[in-house]
>>> print(open('protein_24.cif').read())   # mmCIF, C-alpha atoms
data_start
loop_
_atom_site.label_atom_id
_atom_site.label_comp_id
_atom_site.auth_asym_id
_atom_site.auth_seq_id
_atom_site.Cartn_x
_atom_site.Cartn_y
_atom_site.Cartn_z
CA MET M 274 0.00 0.00 0.00
CA VAL M 275 1.44 3.35 -1.13
CA ALA M 276 1.00 6.36 1.11
CA THR M 277 0.06 9.63 -0.59
CA ALA M 278 0.92 13.02 0.74
CA SER M 279 -2.07 14.95 1.76
CA THR M 280 -2.60 18.39 0.13
CA ARG M 281 -2.45 21.14 2.68
CA VAL M 282 -4.97 23.92 2.07
CA TYR M 283 -4.01 27.35 3.35
CA PRO M 284 -6.74 29.73 4.36
CA PRO M 285 -6.91 33.08 2.50
CA PRO M 286 -5.14 35.99 4.20
CA PRO M 287 -7.22 38.10 6.52
CA ALA M 288 -9.25 40.86 4.88
CA PRO M 289 -7.11 43.71 6.29
CA LEU M 290 -3.98 42.12 4.81
CA ARG M 291 -5.63 41.80 1.40
CA VAL M 292 -6.65 45.45 1.53
CA LEU M 293 -3.10 46.44 2.49
CA ARG M 294 -1.60 44.47 -0.40
CA THR M 295 -4.04 46.08 -2.83
CA ALA M 296 -3.25 49.54 -1.50
CA VAL M 297 0.50 48.96 -1.78
CA GLY M 298 0.14 47.73 -5.35
CA THR M 299 -2.00 50.71 -6.29
CA LEU M 300 0.47 53.12 -4.68
CA ALA M 301 3.36 51.52 -6.56
CA GLU M 302 1.49 51.95 -9.85
CA LEU M 303 0.77 55.60 -9.06
CA ILE M 304 4.40 56.27 -8.19
CA LEU M 305 5.55 54.64 -11.43
CA THR M 306 3.02 56.63 -13.46
CA PHE M 307 4.07 59.85 -11.73
CA ALA M 308 7.74 59.10 -12.47
CA VAL M 309 6.94 58.50 -16.15
CA VAL M 310 4.98 61.77 -16.34
CA LEU M 311 7.85 63.68 -14.72
CA GLY M 312 10.28 62.11 -17.18
CA LEU M 313 8.11 63.15 -20.11
CA LEU M 314 7.81 66.69 -18.76
CA ALA M 315 11.58 66.91 -18.31
CA ALA M 316 12.13 65.62 -21.84
CA TRP M 317 9.68 68.22 -23.15
CA GLU M 318 11.45 71.01 -21.26
CA VAL M 319 14.82 70.00 -22.71
CA TRP M 320 14.00 68.76 -26.20
CA GLY M 321 10.44 69.85 -27.01
CA LYS M 322 10.82 73.51 -26.09
CA SER M 323 14.34 73.51 -27.54
CA ALA M 324 12.95 72.41 -30.90
CA GLU M 325 10.29 75.13 -30.71
CA TYR M 326 12.91 77.80 -29.99
CA GLN M 327 15.10 76.53 -32.84
CA ALA M 328 12.22 76.76 -35.27
CA ALA M 329 11.29 80.24 -34.04
CA GLN M 330 14.92 81.37 -34.26
CA HIS M 331 15.20 80.04 -37.81
CA GLU M 332 12.14 82.04 -38.82
CA ALA M 333 13.34 85.17 -37.01
CA GLY M 334 16.72 84.86 -38.75
CA ARG M 335 15.04 84.50 -42.12
CA GLN M 336 12.97 87.62 -41.48
CA LEU M 337 16.06 89.55 -40.41
CA ASP M 338 17.97 88.56 -43.56
CA GLN M 339 14.99 89.66 -45.63
CA LEU M 340 14.82 92.97 -43.77
CA TRP M 341 18.53 93.66 -44.23
CA SER M 342 18.46 92.79 -47.92
CA ALA M 343 15.70 95.33 -48.60
CA PRO M 344 16.53 98.90 -49.67
CA VAL M 345 17.67 101.05 -46.78
CA ALA M 346 14.72 102.75 -45.11
CA ALA M 347 14.53 105.55 -42.58
CA PRO M 348 15.58 104.39 -39.10
CA ALA M 349 12.69 103.26 -36.96
CA ALA M 350 12.23 101.48 -33.68
CA PRO M 351 11.51 97.77 -34.25
CA ASP M 352 8.00 96.52 -33.64
CA PRO M 353 7.42 94.35 -30.54
CA GLY M 354 8.53 90.80 -31.30
CA ALA M 355 10.30 91.81 -34.51
CA PRO M 356 13.92 90.74 -35.13
CA PHE M 357 16.48 93.52 -35.41
CA SER M 358 19.99 92.25 -34.61
CA ARG M 359 22.14 89.17 -33.93
CA LEU M 360 24.17 88.21 -30.89
CA TYR M 361 27.22 85.93 -31.05
CA ALA M 362 28.97 84.24 -28.12
CA PRO M 363 32.08 82.67 -29.69
CA ALA M 364 33.17 81.02 -26.42
CA LEU M 365 29.89 79.05 -26.45
CA GLY M 366 29.82 78.45 -30.20
CA ALA M 367 26.40 80.11 -30.22
CA GLN M 368 24.51 82.81 -32.06
CA TRP M 369 20.97 84.13 -31.70
CA THR M 370 18.61 86.48 -33.49
CA ILE M 371 17.46 89.15 -31.02
CA VAL M 372 13.87 90.33 -31.11
CA GLU M 373 12.34 93.43 -29.59
CA GLY M 374 10.65 93.03 -26.21
CA VAL M 375 10.73 90.71 -23.21
CA THR M 376 7.09 89.59 -23.14
CA GLN M 377 6.43 85.86 -23.10
CA ALA M 378 5.35 86.08 -26.75
CA ALA M 379 8.61 87.78 -27.71
CA LEU M 380 10.84 85.45 -25.67
CA ARG M 381 9.28 82.40 -27.32
CA LYS M 382 11.15 83.54 -30.45
CA GLY M 383 14.53 83.85 -28.71
CA PRO M 384 16.47 86.48 -26.74
CA GLY M 385 14.64 89.78 -26.37
CA HIS M 386 15.83 93.38 -26.07
CA TYR M 387 14.58 95.19 -22.97
CA PRO M 388 12.48 98.13 -24.18
CA GLY M 389 13.84 101.42 -22.91
CA THR M 390 17.44 100.24 -22.83
CA GLN M 391 19.97 101.32 -25.42
CA PRO M 392 20.28 99.92 -28.95
CA PRO M 393 23.52 98.09 -29.78
CA GLY M 394 26.53 100.35 -29.35
CA GLY M 395 24.60 103.10 -27.60
CA VAL M 396 26.04 104.84 -24.56
CA GLY M 397 24.24 103.22 -21.67
CA ASN M 398 23.02 99.64 -21.35
CA PHE M 399 22.01 97.35 -24.21
CA ALA M 400 20.11 94.74 -22.17
CA VAL M 401 18.89 91.37 -23.46
CA ALA M 402 16.85 88.63 -21.73
CA GLY M 403 16.58 84.98 -22.74
CA HIS M 404 15.08 81.76 -21.43
CA ARG M 405 17.37 79.16 -19.78
CA SER M 406 16.76 76.72 -22.62
CA PRO M 407 19.31 74.55 -24.48
CA SER M 408 18.55 76.61 -27.60
CA VAL M 409 18.88 79.98 -25.89
CA PHE M 410 20.87 80.97 -22.75
CA TRP M 411 21.36 77.46 -21.31
CA ASN M 412 25.16 77.79 -20.98
CA LEU M 413 25.37 81.46 -20.12
CA ASP M 414 27.14 80.51 -16.88
CA ARG M 415 30.11 79.35 -18.97
CA LEU M 416 30.95 82.89 -20.06
CA HIS M 417 33.94 84.36 -18.26
CA ALA M 418 35.67 87.71 -18.01
CA GLY M 419 37.49 88.44 -21.26
CA ASP M 420 35.11 86.45 -23.49
CA ALA M 421 33.72 88.30 -26.50
CA LEU M 422 30.07 89.10 -27.17
CA VAL M 423 29.52 90.33 -30.72
CA VAL M 424 26.34 92.12 -31.82
CA GLU M 425 25.56 92.49 -35.52
CA THR M 426 23.24 95.12 -36.95
CA ARG M 427 22.52 95.94 -40.57
CA THR M 428 25.62 98.08 -40.96
CA THR M 429 27.88 97.49 -37.96
CA TRP M 430 29.61 94.94 -35.75
CA PHE M 431 29.77 95.80 -32.04
CA VAL M 432 32.39 93.83 -30.11
CA TYR M 433 31.80 93.72 -26.36
CA VAL M 434 33.99 92.06 -23.72
CA VAL M 435 32.53 90.24 -20.72
CA LYS M 436 33.57 91.90 -17.45
CA ARG M 437 31.76 89.89 -14.78
CA SER M 438 28.67 87.91 -13.86
CA GLU M 439 26.49 87.67 -10.80
CA VAL M 440 23.38 85.96 -9.46
CA VAL M 441 20.58 88.20 -8.17
CA GLN M 442 16.96 88.06 -7.08
CA PRO M 443 14.29 88.53 -9.79
CA THR M 444 13.30 91.85 -8.19
CA GLN M 445 16.76 93.39 -8.69
CA THR M 446 15.95 95.36 -11.83
CA SER M 447 18.90 97.70 -11.35
CA VAL M 448 20.99 95.30 -13.46
CA VAL M 449 19.40 96.79 -16.59
CA ALA M 450 19.85 100.42 -15.49
CA PRO M 451 21.85 102.67 -17.88
CA VAL M 452 24.81 102.02 -15.57
CA PRO M 453 24.20 98.45 -14.36
CA ASP M 454 23.64 98.19 -10.60
CA ALA M 455 23.93 101.98 -10.28
CA PRO M 456 20.50 103.44 -11.06
CA GLY M 457 20.47 107.22 -11.41
CA THR M 458 24.12 107.39 -12.48
CA PRO M 459 24.63 109.06 -15.89
CA PRO M 460 26.23 106.56 -18.30
CA THR M 461 29.52 107.37 -19.99
CA ALA M 462 30.23 104.01 -21.67
CA ALA M 463 28.39 101.48 -23.82
CA ALA M 464 27.49 98.34 -21.89
CA ILE M 465 25.75 95.04 -22.58
CA THR M 466 23.79 93.00 -20.03
CA LEU M 467 22.43 89.49 -20.57
CA THR M 468 19.87 88.06 -18.15
CA THR M 469 18.42 84.56 -17.72
CA CYS M 470 16.92 82.34 -15.05
CA ASN M 471 19.07 80.62 -12.44
CA PRO M 472 19.70 77.84 -11.65
CA LYS M 473 18.79 75.63 -14.59
CA TRP M 474 15.24 74.25 -14.23
CA SER M 475 14.29 77.11 -11.89
CA ASN M 476 13.31 80.78 -11.96
CA LYS M 477 14.16 81.48 -8.31
CA GLN M 478 17.08 83.73 -9.27
CA ARG M 479 18.58 85.56 -12.23
CA LEU M 480 22.01 85.01 -13.76
CA ILE M 481 23.44 88.27 -15.10
CA VAL M 482 26.39 88.70 -17.45
CA PHE M 483 27.86 92.20 -17.86
CA GLY M 484 30.10 93.44 -20.64
CA GLU M 485 31.49 96.67 -22.09
CA LEU M 486 31.96 97.79 -25.67
CA ALA M 487 35.52 97.31 -26.88
CA ARG M 488 35.22 98.49 -30.49
CA THR M 489 32.97 98.77 -33.54
CA GLN M 490 33.54 97.67 -37.14
CA ASP M 491 31.83 98.84 -40.30
CA LYS M 492 30.45 95.76 -42.05
CA THR M 493 31.10 97.13 -45.54
CA GLN M 494 34.77 97.94 -44.92
CA ALA M 495 36.30 95.74 -42.23
CA GLY M 496 34.58 92.37 -42.79
CA ARG M 497 33.82 90.02 -39.91
CA PRO M 498 35.40 90.61 -36.49
CA ALA M 499 38.39 88.40 -35.74
CA GLU M 500 36.51 87.10 -32.66
CA LEU M 501 34.13 85.25 -35.01
CA GLY M 502 36.91 83.51 -36.92
CA ALA M 503 37.33 83.29 -40.66
#
>>> encode(input="protein_24.cif", output="structure tokens")
Amino acid sequence: MVATASTRVYPPPPAPLRVLRTAVGTLAELILTFAVVLGLLAAWEVWGKSAEYQAAQHEAGRQLDQLWSAPVAAPAAPDPGAPFSRLYAPALGAQWTIVEGVTQAALRKGPGHYPGTQPPGGVGNFAVAGHRSPSVFWNLDRLHAGDALVVETRTTWFVYVVKRSEVVQPTQTSVVAPVPDAPGTPPTAAAITLTTCNPKWSNKQRLIVFGELARTQDKTQAGRPAELGA
């Protein structure tokens, strides 16, 4: 006679334990979903918005080339959101088309000129804001004293030299005063100020880069500035 092992039947877990297991499983799924959503949002911030800025910059550059190729017209202030100059940062291997204004609509096209500040080369402060995006001012913190910032207009190259940078609170608007950080002081030199959010992924602070005009070059006579290479 062969003995057979009896099958042991285990009772189901108590109801509270089943509820706990279900809750833990649901929580795990929610955490995973939340992580995926955050990852997608981060990817959009880096790549999606970057692609939008690149497309907007391409169109702004095309409009600027078209404007400069037209017969010379009487000088006029650019319309809000309209392109009017280019900014080069050779140390970053970057260039941007600058538009007029710092509204959200204007800054979606690229760096924007603060209304009321000087035009390129003017005595006072030529101030420009840009988003901390990979296609705009993402690496502005890599600029150092002595680096060149070159601004191109229809007729002239303006070569500025970076003097310093600082991090300030968003309320510190004196950085775009005619003499940066010295409101009420009459300007005697041509300055450039670039502003963006700080740190990356945050708008808690502002990163500011200051520069001064070193020289100008006539585009029809002197060619491209040496700072931009051949």
>>> residues_around(input="protein_24.cif", residues="region 460-477 of chain M", least_positions_apart="4", cutoff="6 Å", atoms="only C-alpha atoms", output="list in words")
Gly394, Gly395, Val396, Gly397, Asn398, Phe399, Ala400, Val401, Ala402, Gly403, His404, Arg405, Pro451, Val452, Ile481, Val482, Phe483, Gly484, Glu485 and Leu486 of chain M
>>> residues_around(input="protein_24.cif", residues="Ser408 (chain M)", least_positions_apart="5", cutoff="10 Å", atoms="all atoms listed in the file", output="VMD selection string")
chain M and resid 319 to 320 322 to 328 330 367 to 369 383 403
>>> atom_distance(input="protein_24.cif", atom1="CA of Pro384 (chain M)", atom2="CA of Thr370 (chain M)")
7.1 Å
>>> resolve_selection(input="protein_24.cif", expression="the PyMOL selection byres ((chain M and resi 388) around 12)", output="ChimeraX atom specification")
/M:350-354,372-376,379,385-387,389-392,398-402,449-450
>>> residues_around(input="protein_24.cif", residues="region 428-431 of chain M", least_positions_apart="5", cutoff="7 Å", atoms="all atoms listed in the file", output="list in words")
Gly394, Val423, Arg488, Thr489, Gln490, Asp491 and Lys492 of chain M
>>> resolve_selection(input="protein_24.cif", expression="the PyMOL selection byres ((chain M and resi 434) around 8)", output="PyMOL selection string")
chain M and resi 418-422+432-433+435-436+484-487
>>> axis_aligned_box(input="protein_24.cif", around="region 487-492 of chain M", padding_each_side="6 Å", output="lines of an AutoDock Vina configuration file")
center_x = 33.0
center_y = 97.3
center_z = -34.5
size_x = 17.1
size_y = 15.1
size_z = 27.2
>>> atom_distance(input="protein_24.cif", atom1="CA of Asp338 (chain M)", atom2="CA of Gln494 (chain M)")
19.3 Å
>>> closest_residue(input="protein_24.cif", among="M:Gly334, M:Pro498, M:Pro443, M:Gly366", to="Asn412 (chain M)", atoms="all atoms listed in the file")
M:Gly366
>>> atom_distance(input="protein_24.cif", atom1="CA of Arg479 (chain M)", atom2="CA of Ala333 (chain M)")
25.3 Å
